[in-house]
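File shown: query28.cif (mmCIF, C-alpha atoms).
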data_coords
loop_
_atom_site.label_atom_id
_atom_site.label_comp_id
_atom_site.auth_asym_id
_atom_site.auth_seq_id
_atom_site.Cartn_x
_atom_site.Cartn_y
_atom_site.Cartn_z
CA MET A 1 117.58 126.46 -152.63
CA ALA A 2 116.79 129.91 -151.27
CA ALA A 3 120.44 130.91 -151.54
CA GLY A 4 120.58 129.58 -155.09
CA THR A 5 117.55 131.62 -156.04
CA LEU A 6 119.13 134.80 -154.64
CA VAL A 7 122.36 134.22 -156.55
CA ALA A 8 120.53 133.50 -159.78
CA THR A 9 118.44 136.65 -159.65
CA ALA A 10 121.13 139.04 -158.34
CA PRO A 11 122.43 140.17 -161.76
CA ALA A 12 118.95 140.97 -163.00
CA ALA A 13 118.12 142.83 -159.81
CA GLN A 14 121.38 144.76 -160.02
CA ALA A 15 120.72 145.71 -163.65
CA ALA A 16 117.18 146.82 -162.79
CA HIS A 17 118.44 149.28 -160.19
CA CYS A 18 121.53 150.49 -162.08
CA ALA A 19 121.43 153.83 -163.89
CA THR A 20 123.60 153.90 -167.01
CA PRO A 21 125.05 157.39 -167.62
CA ARG A 22 123.61 159.13 -170.68
CA LEU A 23 125.89 161.27 -172.81
CA ALA A 24 125.03 164.86 -173.62
CA ALA A 25 124.51 166.08 -177.17
CA GLY A 26 127.06 167.93 -179.28
CA TRP A 27 128.60 165.10 -181.30
CA TYR A 28 128.88 164.65 -185.06
CA GLY A 29 126.59 162.22 -186.86
CA ASP A 30 125.92 159.01 -184.93
CA ASN A 31 129.03 159.35 -182.74
CA GLN A 32 127.00 160.01 -179.60
CA ALA A 33 125.00 156.84 -180.24
CA ARG A 34 128.15 154.79 -180.88
CA LEU A 35 129.74 156.05 -177.66
CA GLN A 36 126.55 155.38 -175.74
CA GLN A 37 126.53 151.83 -177.08
CA LEU A 38 130.07 151.42 -175.73
CA ILE A 39 128.97 152.54 -172.27
CA ASP A 40 125.85 150.37 -172.38
CA ARG A 41 127.82 147.30 -173.42
CA TYR A 42 130.88 147.59 -171.17
CA GLY A 43 129.50 149.64 -168.28
CA LYS A 44 128.83 148.21 -164.85
CA CYS A 45 125.07 148.04 -165.46
CA ASN A 46 125.57 145.16 -167.91
CA PRO A 47 125.97 142.09 -165.67
CA TYR A 48 127.18 140.00 -168.59
CA ARG A 49 130.05 142.29 -169.57
CA PRO A 50 133.07 140.12 -170.47
CA GLY A 51 136.72 140.73 -169.67
CA ARG A 52 138.19 142.98 -166.99
CA ALA A 53 136.17 144.02 -163.95
CA LYS A 54 136.92 147.57 -165.06
CA PRO A 55 137.20 148.13 -168.82
CA VAL A 56 140.01 150.54 -169.68
CA ALA A 57 139.58 153.77 -171.65
CA VAL A 58 142.61 155.88 -172.66
CA PHE A 59 142.53 159.46 -173.91
CA ASP A 60 145.29 161.51 -175.44
CA TRP A 61 145.24 165.01 -173.92
CA ASP A 62 146.34 167.91 -176.13
CA ASN A 63 143.76 168.75 -178.80
CA THR A 64 141.81 165.63 -177.81
CA VAL A 65 140.40 166.57 -174.39
CA VAL A 66 141.34 170.25 -174.66
CA LYS A 67 141.63 172.71 -177.50
CA ASN A 68 145.30 173.71 -178.00
CA ASP A 69 148.36 172.24 -176.34
CA VAL A 70 149.11 172.46 -172.62
CA GLY A 71 152.77 171.64 -173.29
CA ASP A 72 153.00 174.69 -175.54
CA ALA A 73 151.18 176.75 -172.93
CA GLN A 74 153.71 175.61 -170.34
CA MET A 75 156.71 176.37 -172.53
CA TYR A 76 155.43 179.88 -173.19
CA TRP A 77 154.85 180.41 -169.46
CA LEU A 78 158.38 179.23 -168.63
CA LEU A 79 159.83 181.65 -171.16
CA ARG A 80 157.70 184.58 -170.02
CA ASN A 81 158.56 183.93 -166.38
CA GLY A 82 162.25 183.09 -166.72
CA ARG A 83 162.15 179.49 -165.46
CA ILE A 84 164.50 177.77 -167.91
CA ARG A 85 168.00 177.29 -166.55
CA GLN A 86 171.34 177.84 -168.26
CA PRO A 87 172.67 174.32 -168.97
CA ALA A 88 175.84 172.87 -167.49
CA ALA A 89 178.93 174.64 -168.84
CA GLY A 90 176.60 176.55 -171.17
CA ASP A 91 176.47 173.43 -173.34
CA TRP A 92 172.97 173.00 -174.77
CA THR A 93 173.71 169.51 -176.07
CA THR A 94 173.40 168.41 -172.43
CA THR A 95 169.67 169.15 -172.68
CA SER A 96 169.01 166.73 -175.57
CA ARG A 97 171.10 164.04 -177.22
CA TYR A 98 169.37 164.93 -180.52
CA LEU A 99 170.22 168.65 -180.54
CA THR A 100 172.35 169.52 -183.57
CA PRO A 101 175.64 171.44 -183.30
CA ALA A 102 174.01 174.29 -185.22
CA ALA A 103 171.19 174.54 -182.69
CA ALA A 104 173.57 174.29 -179.73
CA ARG A 105 175.65 177.15 -181.17
CA ALA A 106 172.60 179.30 -181.84
CA LEU A 107 171.33 178.81 -178.31
CA ALA A 108 174.75 179.49 -176.79
CA ASP A 109 175.10 182.67 -178.84
CA ALA A 110 171.63 183.90 -177.84
CA CYS A 111 171.64 182.83 -174.19
CA GLY A 112 175.21 182.25 -173.07
CA ALA A 113 175.94 185.66 -171.58
CA LEU A 114 172.66 185.97 -169.68
CA ALA A 115 173.17 183.67 -166.68
CA ARG A 116 175.68 181.32 -165.11
CA PRO A 117 175.20 177.55 -165.52
CA GLY A 118 172.30 176.32 -163.43
CA ALA A 119 170.74 179.76 -162.99
CA PRO A 120 167.42 180.72 -164.61
CA LEU A 121 167.68 182.66 -167.85
CA PRO A 122 165.93 186.07 -167.91
CA THR A 123 163.82 185.18 -170.96
CA GLY A 124 160.92 187.33 -169.77
CA THR A 125 162.93 190.55 -169.92
CA PRO A 126 163.90 192.73 -172.88
CA ALA A 127 167.54 191.67 -172.44
CA GLY A 128 166.54 188.02 -172.74
CA ALA A 129 164.18 188.38 -175.71
CA GLY A 130 166.69 187.01 -178.20
CA CYS A 131 167.28 183.96 -176.02
CA ALA A 132 163.52 183.44 -175.68
CA ASP A 133 163.13 183.72 -179.44
CA GLU A 134 165.80 181.09 -180.08
CA LEU A 135 164.37 178.70 -177.51
CA ALA A 136 160.86 179.18 -178.91
CA ALA A 137 162.08 178.56 -182.45
CA VAL A 138 163.90 175.35 -181.60
CA TYR A 139 160.95 174.07 -179.57
CA GLY A 140 158.18 175.17 -181.91
CA THR A 141 159.70 174.65 -185.35
CA ALA A 142 162.53 172.14 -184.72
CA ALA A 143 164.82 174.69 -186.37
CA THR A 144 166.92 177.67 -185.36
CA ARG A 145 165.91 181.19 -186.21
CA SER A 146 168.31 181.02 -189.15
CA GLY A 147 166.60 177.88 -190.43
CA ALA A 148 169.12 175.20 -189.45
CA ALA A 149 167.70 171.84 -188.36
CA ALA A 150 167.61 171.71 -184.56
CA PHE A 151 167.37 167.93 -184.03
CA ALA A 152 168.76 164.85 -185.78
CA GLY A 153 169.09 161.10 -185.41
CA TRP A 154 165.91 160.06 -183.59
CA ASP A 155 163.48 157.17 -184.03
CA HIS A 156 160.37 158.74 -185.53
CA ARG A 157 158.06 156.09 -184.05
CA THR A 158 159.18 156.33 -180.42
CA ILE A 159 160.19 159.94 -179.71
CA GLU A 160 159.73 163.51 -180.90
CA PRO A 161 162.81 165.46 -179.71
CA ALA A 162 161.02 168.80 -179.46
CA TYR A 163 158.28 167.29 -177.25
CA ALA A 164 160.91 165.61 -175.09
CA TRP A 165 162.92 168.82 -174.87
CA LEU A 166 160.25 170.62 -172.81
CA PRO A 167 160.56 168.39 -169.72
CA GLN A 168 164.32 168.24 -170.28
CA LEU A 169 164.41 172.05 -170.06
CA MET A 170 162.72 171.74 -166.67
CA GLN A 171 165.90 170.32 -165.18
CA GLY A 172 166.70 171.67 -161.74
CA TRP A 173 163.07 172.00 -160.63
CA THR A 174 161.09 169.49 -158.56
CA ALA A 175 157.78 167.93 -159.62
CA ASN A 176 155.93 170.05 -157.07
CA GLU A 177 157.52 173.22 -158.42
CA VAL A 178 156.55 172.26 -161.96
CA ARG A 179 153.00 171.58 -160.83
CA GLY A 180 152.96 175.13 -159.46
CA PHE A 181 154.14 176.44 -162.83
CA ALA A 182 151.42 174.38 -164.53
CA ALA A 183 148.70 175.70 -162.23
CA ALA A 184 149.73 179.27 -163.04
CA ALA A 185 149.80 178.61 -166.79
CA ARG A 186 146.45 176.83 -166.60
CA ALA A 187 144.78 179.73 -164.81
CA GLU A 188 146.08 182.23 -167.37
CA ASN A 189 145.11 180.17 -170.41
CA LEU A 190 141.62 179.37 -169.17
CA ALA A 191 140.99 183.03 -168.27
CA ALA A 192 142.16 184.34 -171.64
CA PRO A 193 139.45 184.71 -174.31
CA ILE A 194 139.29 182.28 -177.21
CA GLY A 195 141.69 183.48 -179.88
CA ALA A 196 143.93 185.37 -177.44
CA VAL A 197 147.64 185.66 -178.12
CA GLN A 198 150.54 186.43 -175.81
CA GLN A 199 154.00 187.85 -176.33
CA VAL A 200 156.96 185.54 -175.83
CA GLY A 201 160.30 187.16 -176.54
CA SER A 202 159.65 189.38 -179.54
CA GLY A 203 157.03 187.05 -181.00
CA SER A 204 153.31 186.44 -180.63
CA VAL A 205 151.98 182.95 -179.76
CA THR A 206 148.73 181.25 -178.81
CA GLY A 207 147.53 182.36 -175.37
CA TRP A 208 144.45 180.28 -174.55
CA VAL A 209 143.27 176.72 -173.84
CA ARG A 210 139.78 175.30 -173.35
CA TYR A 211 138.41 172.00 -172.14
CA TYR A 212 136.10 170.34 -174.64
CA ASP A 213 132.71 170.03 -172.90
CA GLN A 214 131.85 166.90 -174.89
CA GLN A 215 135.05 165.12 -173.90
CA LYS A 216 134.66 166.14 -170.28
CA ASP A 217 131.14 164.72 -170.31
CA LEU A 218 132.37 161.52 -171.98
CA ILE A 219 135.14 161.01 -169.44
CA GLN A 220 132.75 161.59 -166.56
CA GLY A 221 130.20 159.23 -168.12
CA LEU A 222 132.77 156.50 -168.60
CA ARG A 223 133.98 156.83 -165.02
CA LYS A 224 130.43 156.72 -163.66
CA ALA A 225 129.80 153.59 -165.73
CA GLY A 226 132.77 151.87 -164.11
CA PHE A 227 135.47 152.39 -166.73
CA ASP A 228 139.10 152.78 -165.67
CA VAL A 229 139.92 156.07 -167.43
CA TRP A 230 143.51 157.08 -168.17
CA ILE A 231 145.28 159.97 -169.88
CA SER A 232 148.35 159.32 -172.06
CA SER A 233 150.11 162.48 -173.24
CA ALA A 234 153.36 163.61 -174.82
CA SER A 235 153.36 166.65 -172.54
CA PRO A 236 155.29 166.58 -169.23
CA GLN A 237 153.85 164.41 -166.47
CA PRO A 238 153.36 167.10 -163.77
CA VAL A 239 151.80 169.49 -166.27
CA VAL A 240 149.17 167.02 -167.45
CA GLU A 241 148.48 165.97 -163.86
CA VAL A 242 147.38 169.53 -163.07
CA TRP A 243 145.18 169.85 -166.14
CA ALA A 244 143.64 166.36 -165.82
CA LYS A 245 142.12 167.24 -162.45
CA GLY A 246 139.71 169.44 -164.39
CA VAL A 247 138.05 166.36 -165.89
CA GLY A 248 138.20 164.27 -162.72
CA VAL A 249 141.22 162.15 -163.65
CA ALA A 250 143.68 161.78 -160.76
CA ALA A 251 147.45 162.10 -161.07
CA ASP A 252 147.93 158.35 -160.69
CA HIS A 253 145.95 157.85 -163.92
CA VAL A 254 148.09 160.22 -165.98
CA ILE A 255 150.95 158.99 -168.17
CA GLY A 256 153.06 161.85 -169.50
CA ILE A 257 156.74 162.30 -170.27
CA ARG A 258 158.59 161.49 -167.05
CA ASN A 259 161.97 162.88 -166.05
CA THR A 260 164.55 161.03 -164.03
CA THR A 261 165.36 162.83 -160.77
CA THR A 262 168.29 163.46 -158.48
CA THR A 263 168.35 162.06 -154.95
CA GLY A 264 166.93 165.40 -153.86
CA GLY A 265 163.96 165.06 -156.21
CA LYS A 266 165.05 167.62 -158.81
CA PHE A 267 164.45 166.85 -162.45
CA THR A 268 167.44 165.95 -164.58
CA ALA A 269 167.64 166.48 -168.34
CA HIS A 270 167.11 162.74 -168.84
CA LEU A 271 163.90 160.76 -169.13
CA GLN A 272 162.48 157.56 -167.74
CA GLY A 273 162.44 154.64 -170.14
CA CYS A 274 159.96 151.93 -171.04
CA GLY A 275 160.22 148.38 -172.34
CA SER A 276 163.75 147.67 -173.51
CA VAL A 277 164.69 151.36 -173.11
CA LYS A 278 166.47 152.10 -169.84
CA ASP A 279 166.09 155.27 -167.79
CA GLY A 280 168.32 157.99 -169.19
CA ALA A 281 168.61 156.52 -172.68
CA ASP A 282 166.14 159.17 -173.85
CA THR A 283 164.97 157.20 -176.89
CA MET A 284 161.33 156.54 -176.01
CA ILE A 285 158.57 158.81 -174.71
CA THR A 286 154.77 158.66 -174.81
CA TYR A 287 154.80 159.04 -178.60
CA ILE A 288 153.35 156.60 -181.21
CA ASP A 289 154.85 153.19 -180.31
CA GLY A 290 156.10 154.71 -177.06
CA LYS A 291 152.52 155.40 -176.00
CA ARG A 292 151.72 151.73 -176.48
CA CYS A 293 154.72 150.79 -174.34
CA TRP A 294 153.87 153.16 -171.51
CA ILE A 295 150.20 152.15 -171.45
CA ASN A 296 151.14 148.48 -171.36
CA LYS A 297 153.65 149.17 -168.59
CA VAL A 298 151.64 151.45 -166.32
CA VAL A 299 148.04 150.39 -166.93
CA PHE A 300 148.44 146.66 -167.56
CA GLY A 301 151.65 145.91 -165.66
CA VAL A 302 153.58 144.49 -168.62
CA ARG A 303 157.31 144.52 -167.89
CA GLY A 304 160.42 144.51 -170.05
CA ALA A 305 160.53 144.45 -173.83
CA ALA A 306 157.10 142.79 -173.95
CA ALA A 307 155.57 146.19 -173.15
CA GLU A 308 156.53 147.34 -176.64
CA LYS A 309 154.37 144.64 -178.25
CA VAL A 310 150.64 144.46 -178.94
CA GLN A 311 149.07 142.56 -176.05
CA PRO A 312 146.25 139.99 -176.07
CA ALA A 313 142.80 141.59 -176.26
CA ALA A 314 142.13 141.00 -172.55
CA ARG A 315 145.14 143.19 -171.69
CA ARG A 316 144.23 146.14 -173.89
CA GLN A 317 141.99 149.17 -173.60
CA VAL A 318 138.48 148.78 -175.00
CA PHE A 319 138.30 152.47 -175.95
CA ALA A 320 140.84 155.08 -177.04
CA ALA A 321 140.63 158.70 -178.20
CA GLY A 322 143.24 160.78 -180.03
CA ASP A 323 143.79 163.52 -182.59
CA SER A 324 147.24 162.97 -184.09
CA ASP A 325 149.62 160.51 -185.71
CA THR A 326 151.31 160.42 -182.29
CA ASP A 327 148.29 158.41 -181.10
CA ILE A 328 148.20 155.76 -183.83
CA SER A 329 149.51 152.75 -181.92
CA PHE A 330 147.40 153.00 -178.78
CA LEU A 331 144.31 153.80 -180.86
CA ARG A 332 144.85 150.70 -182.99
CA ASP A 333 145.23 148.65 -179.80
CA ALA A 334 141.70 149.57 -178.60
CA THR A 335 139.45 146.54 -178.97
CA ALA A 336 135.95 148.07 -179.14
CA LEU A 337 135.90 151.70 -180.32
CA ARG A 338 138.37 154.41 -181.38
CA LEU A 339 137.47 158.10 -181.41
CA VAL A 340 139.46 160.42 -183.68
CA VAL A 341 139.29 164.22 -183.46
CA ASN A 342 139.98 165.41 -187.00
CA ARG A 343 143.03 167.66 -187.27
CA ASN A 344 143.96 166.53 -190.80
CA LYS A 345 146.82 164.27 -189.69
CA ASN A 346 147.76 161.94 -192.53
CA GLU A 347 148.30 158.48 -191.04
CA LEU A 348 145.59 158.87 -188.42
CA MET A 349 142.95 159.99 -190.87
CA CYS A 350 143.96 157.34 -193.41
CA ARG A 351 143.33 154.61 -190.84
CA ALA A 352 140.21 156.22 -189.41
CA TYR A 353 138.52 156.75 -192.76
CA ASP A 354 139.61 153.34 -194.04
CA ASP A 355 137.89 151.89 -190.94
CA SER A 356 138.92 148.37 -191.92
CA ASP A 357 137.37 146.76 -188.81
CA GLY A 358 134.40 149.09 -188.29
CA LYS A 359 135.66 150.41 -184.94
CA TRP A 360 136.73 153.94 -185.90
CA ILE A 361 134.61 157.08 -185.48
CA VAL A 362 135.65 160.59 -186.52
CA ASN A 363 134.54 163.88 -185.02
CA PRO A 364 135.42 167.44 -186.05
CA MET A 365 137.25 169.55 -183.50
CA PHE A 366 134.65 170.83 -181.03
CA ILE A 367 136.04 174.39 -181.09
CA GLU A 368 137.21 176.04 -184.32
CA PRO A 369 136.96 172.85 -186.42
CA LYS A 370 139.14 172.63 -189.49
CA LYS A 371 137.64 173.02 -192.94
CA GLN A 372 137.52 170.05 -195.28
CA LYS A 373 140.96 169.05 -196.54
CA ALA A 374 141.01 170.08 -200.19
CA THR A 375 142.94 167.06 -201.44
CA PRO A 376 142.75 163.36 -200.47
CA TYR A 377 145.04 162.03 -197.76
CA PRO A 378 148.12 160.44 -199.43
CA CYS A 379 147.55 157.05 -197.79
CA SER A 380 148.84 154.97 -200.70
CA THR A 381 152.11 156.87 -201.08
CA THR A 382 153.42 159.00 -198.20
CA GLY A 383 150.90 158.79 -195.35
CA TYR A 384 153.17 156.69 -193.11
CA VAL A 385 156.43 157.87 -191.54
CA ASP A 386 158.87 155.05 -190.76
CA HIS A 387 161.35 154.79 -187.88
CA ASP A 388 164.07 156.55 -189.89
CA GLY A 389 161.77 159.34 -191.01
CA THR A 390 161.16 158.10 -194.55
CA ALA A 391 157.63 158.32 -195.89
CA GLY A 392 155.72 155.39 -197.37
CA PRO A 393 152.23 153.95 -197.80
CA VAL A 394 149.91 153.28 -194.88
CA ARG A 395 149.33 149.53 -194.54
CA ARG A 396 146.64 147.55 -192.80
CA GLY A 397 147.43 144.72 -190.42
CA ASP A 398 147.43 142.29 -193.34
CA THR A 399 150.02 144.54 -195.13
CA SER A 400 147.56 145.65 -197.84
CA VAL A 401 147.87 149.34 -198.75
CA VAL A 402 145.20 151.78 -197.61
CA PRO A 403 143.91 153.73 -200.63
CA ASP A 404 143.89 157.51 -200.56
CA GLN A 405 141.01 158.83 -198.46
CA THR A 406 138.74 161.85 -198.93
CA ASP A 407 138.19 164.09 -195.92
CA SER A 408 134.49 163.71 -195.16
CA VAL A 409 134.04 164.68 -191.47
CA PHE A 410 134.69 168.38 -190.94
#

Could you write out this file's structure as structure tokens?
Amino acid sequence: MAAGTLVATAPAAQAAHCATPRLAAGWYGDNQARLQQLIDRYGKCNPYRPGRAKPVAVFDWDNTVVKNDVGDAQMYWLLRNGRIRQPAAGDWTTTSRYLTPAAARALADACGALARPGAPLPTGTPAGAGCADELAAVYGTAATRSGAAAFAGWDHRTIEPAYAWLPQLMQGWTANEVRGFAAAARAENLAAPIGAVQQVGSGSVTGWVRYYDQQKDLIQGLRKAGFDVWISSASPQPVVEVWAKGVGVAADHVIGIRNTTTTGGKFTAHLQGCGSVKDGADTMITYIDGKRCWINKVVFGVRGAAAEKVQPAARRQVFAAGDSDTDISFLRDATALRLVVNRNKNELMCRAYDDSDGKWIVNPMFIEPKKQKATPYPCSTTGYVDHDGTAGPVRRGDTSVVPDQTDSVF
């Protein structure tokens, strides 16, 4: 009887002595209260919390946890420091199966005479400025300097060739070497003042990154409350690992774009696959439906093609945060609450403002927020981009069309 009494009163005693983390201010509207409710309901201080012993929370990284893009910052650092290698036989199509002949020719013309195959290109020198400019154009605009399309033939719901190209351009380096590059780029971008620019080739590009204090506080609060917090990013794995340490998320809880490696541990120009996509096929990264696949695979242990499918509620994250259409699928999979940082992205904002199940919250960017979008989001006509790149209406789970939405959180 004594033992039974102890067991019966243990949850209440535990709750009485448990301190639930309290979130700091700085959120739009009632977002802080909604997030606090999430922590109160699913945190370890609630002895009656259903589901997993540790509820899962997943954050996108670039422009969700930080202002600006750490992948961009890394690309600019590689170009300034001459760390991109001449491809095999000077053939740039070996760096991406989606690179167009026009882009391959433009890159060969700009870079071909600067280094032998396998050697780093001197893109940080005056002699290599033209090569740096061409690489930056293809990466940043998906077009050559002359305006020709740089990529073609990809699935628009599973991969973005320009995002994938950054880790592919890291071929020949090891993960540890790339982490060193990332640490150097991180130090420079955090030290630079807000609004700073840097010269890459003959052009001027963004030169600073900042952690969002509110997101850092949220991540720390979730972790203290017993949540299993993960990062899912379409930037390279080693790069995000370095940055994620700044918010207390370890490398083994980061899911970025992952290269295949040689037996010696050097990156190849091919990528690890997920679901039905095999390593080296290079058709799926942590991008829209690919983010769902990688989260299901790494976080929940789902194997094979099943990882590409929406899982039962018990095998899904309770919370997700993102800022872009690239985050749609894993945000929709979240079962309790979905935080959207407003960057005026069509499909994302259509779904967030439609809020068909009452689980979406929207927050302006915490640094340099965008002004109100002057026209409604084209949800009923072109807000959705299909696998083949064609635009169409955004549809709810029941296939009904989301009406155009007015931008109201800015």

Please evaluate the PyMOL selection byres ((chain A and resi 167) around 8) against the structure above and give the resulting residues as a ChimeraX atom specification.
-> /A:163-166,168-171,235-236,257-259,269

Got a sec to resolve the PyMOL selection byres ((chain A and resi 109) around 12) on this structure and send the residues as a ChimeraX atom specification?
-> /A:90-92,102-108,110-114,128,130-131,134-135,144-145

Choose the residue, out of A:Gly201, A:Lys224, A:Ile84, A:Gly153, that has the smallest atom-to-atom separation from A:Ala19; count all atoms listed in the file.
->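 Between A:Gly201, A:Lys224, A:Ile84, A:Gly153, the residue approaching A:Ala19 most closely is A:Lys224.
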
Pull out every residue that the PyMOL selection byres ((chain A and resi 366) around 9) matches in the shown coordinates and put them as a short mmCIF file (atom, residue, chain, number, x, y, z; two decimals) with C-alpha atoms, keeping the file's coordinate frame.
data_model
loop_
_atom_site.label_atom_id
_atom_site.label_comp_id
_atom_site.auth_asym_id
_atom_site.auth_seq_id
_atom_site.Cartn_x
_atom_site.Cartn_y
_atom_site.Cartn_z
CA GLY A 26 127.06 167.93 -179.28
CA TRP A 27 128.60 165.10 -181.30
CA LYS A 67 141.63 172.71 -177.50
CA TYR A 212 136.10 170.34 -174.64
CA ASP A 213 132.71 170.03 -172.90
CA GLN A 214 131.85 166.90 -174.89
CA VAL A 341 139.29 164.22 -183.46
CA ASN A 363 134.54 163.88 -185.02
CA PRO A 364 135.42 167.44 -186.05
CA MET A 365 137.25 169.55 -183.50
CA ILE A 367 136.04 174.39 -181.09
CA GLU A 368 137.21 176.04 -184.32
CA PRO A 369 136.96 172.85 -186.42
#

Residue nearest A:His270 among A:Lys54, A:Arg41, A:Arg97, A:Arg157 (counting all atoms listed in the file) = A:Arg97

Local residues around (128.2, 163.1, -187.9), at most 10 Å away, using only C-alpha atoms, as a PyMOL selection string | chain A and resi 26-32+361-364+408-410

Just need the box for stretch 347-355 of chain A, edges along x, y and z, holding every atom the file lists for it with 3 Å tacked onto each side, so centre and edge lengths in Å to one decimal, as JSON.
{"center_x": 143.1, "center_y": 155.9, "center_z": -191.2, "size_x": 16.4, "size_y": 14.1, "size_z": 11.6}

For A:Pro238, please output as number ranges by chain all residues within 9 Å (counting all atoms listed in the file; exclusion window: fewer than 2 positions along the same chain).
-> A: 175-176, 178-179, 182, 235-236, 240-243, 251, 254, 256-258

With distances taken over only C-alpha atoms, which of A:Asn342, A:Thr283, A:Thr399, A:Thr20 is nearest to A:Lys371?
-> A:Asn342

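Using all atoms listed in the file, the residues found no farther than 12 Å from A:Trp208, other than those of its own chain fewer than 4 positions away, are Val66, Lys67, Asn68, Asp69, Val70, Asp72, Ala73, Gln74, Tyr76, Trp77, Ala185, Arg186, Ala187, Glu188, Asn189, Leu190, Ala191, Ala192, Pro193, Ile194, Gly195, Ala196, Val197 and Gln198 of chain A.
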
Can you tell me, as a PyMOL selection string, which residues sit within 10 Å of (148.1, 159.1, -179.7) in the file's frame, using only C-alpha atoms?
-> chain A and resi 58-62+64+232-234+286-292+320-332+340+348

Between atom CA of A:Pro120 and atom CA of A:Gly273, distance in Å (one decimal) |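 Distance reported for this atom pair: 27.1 Å.
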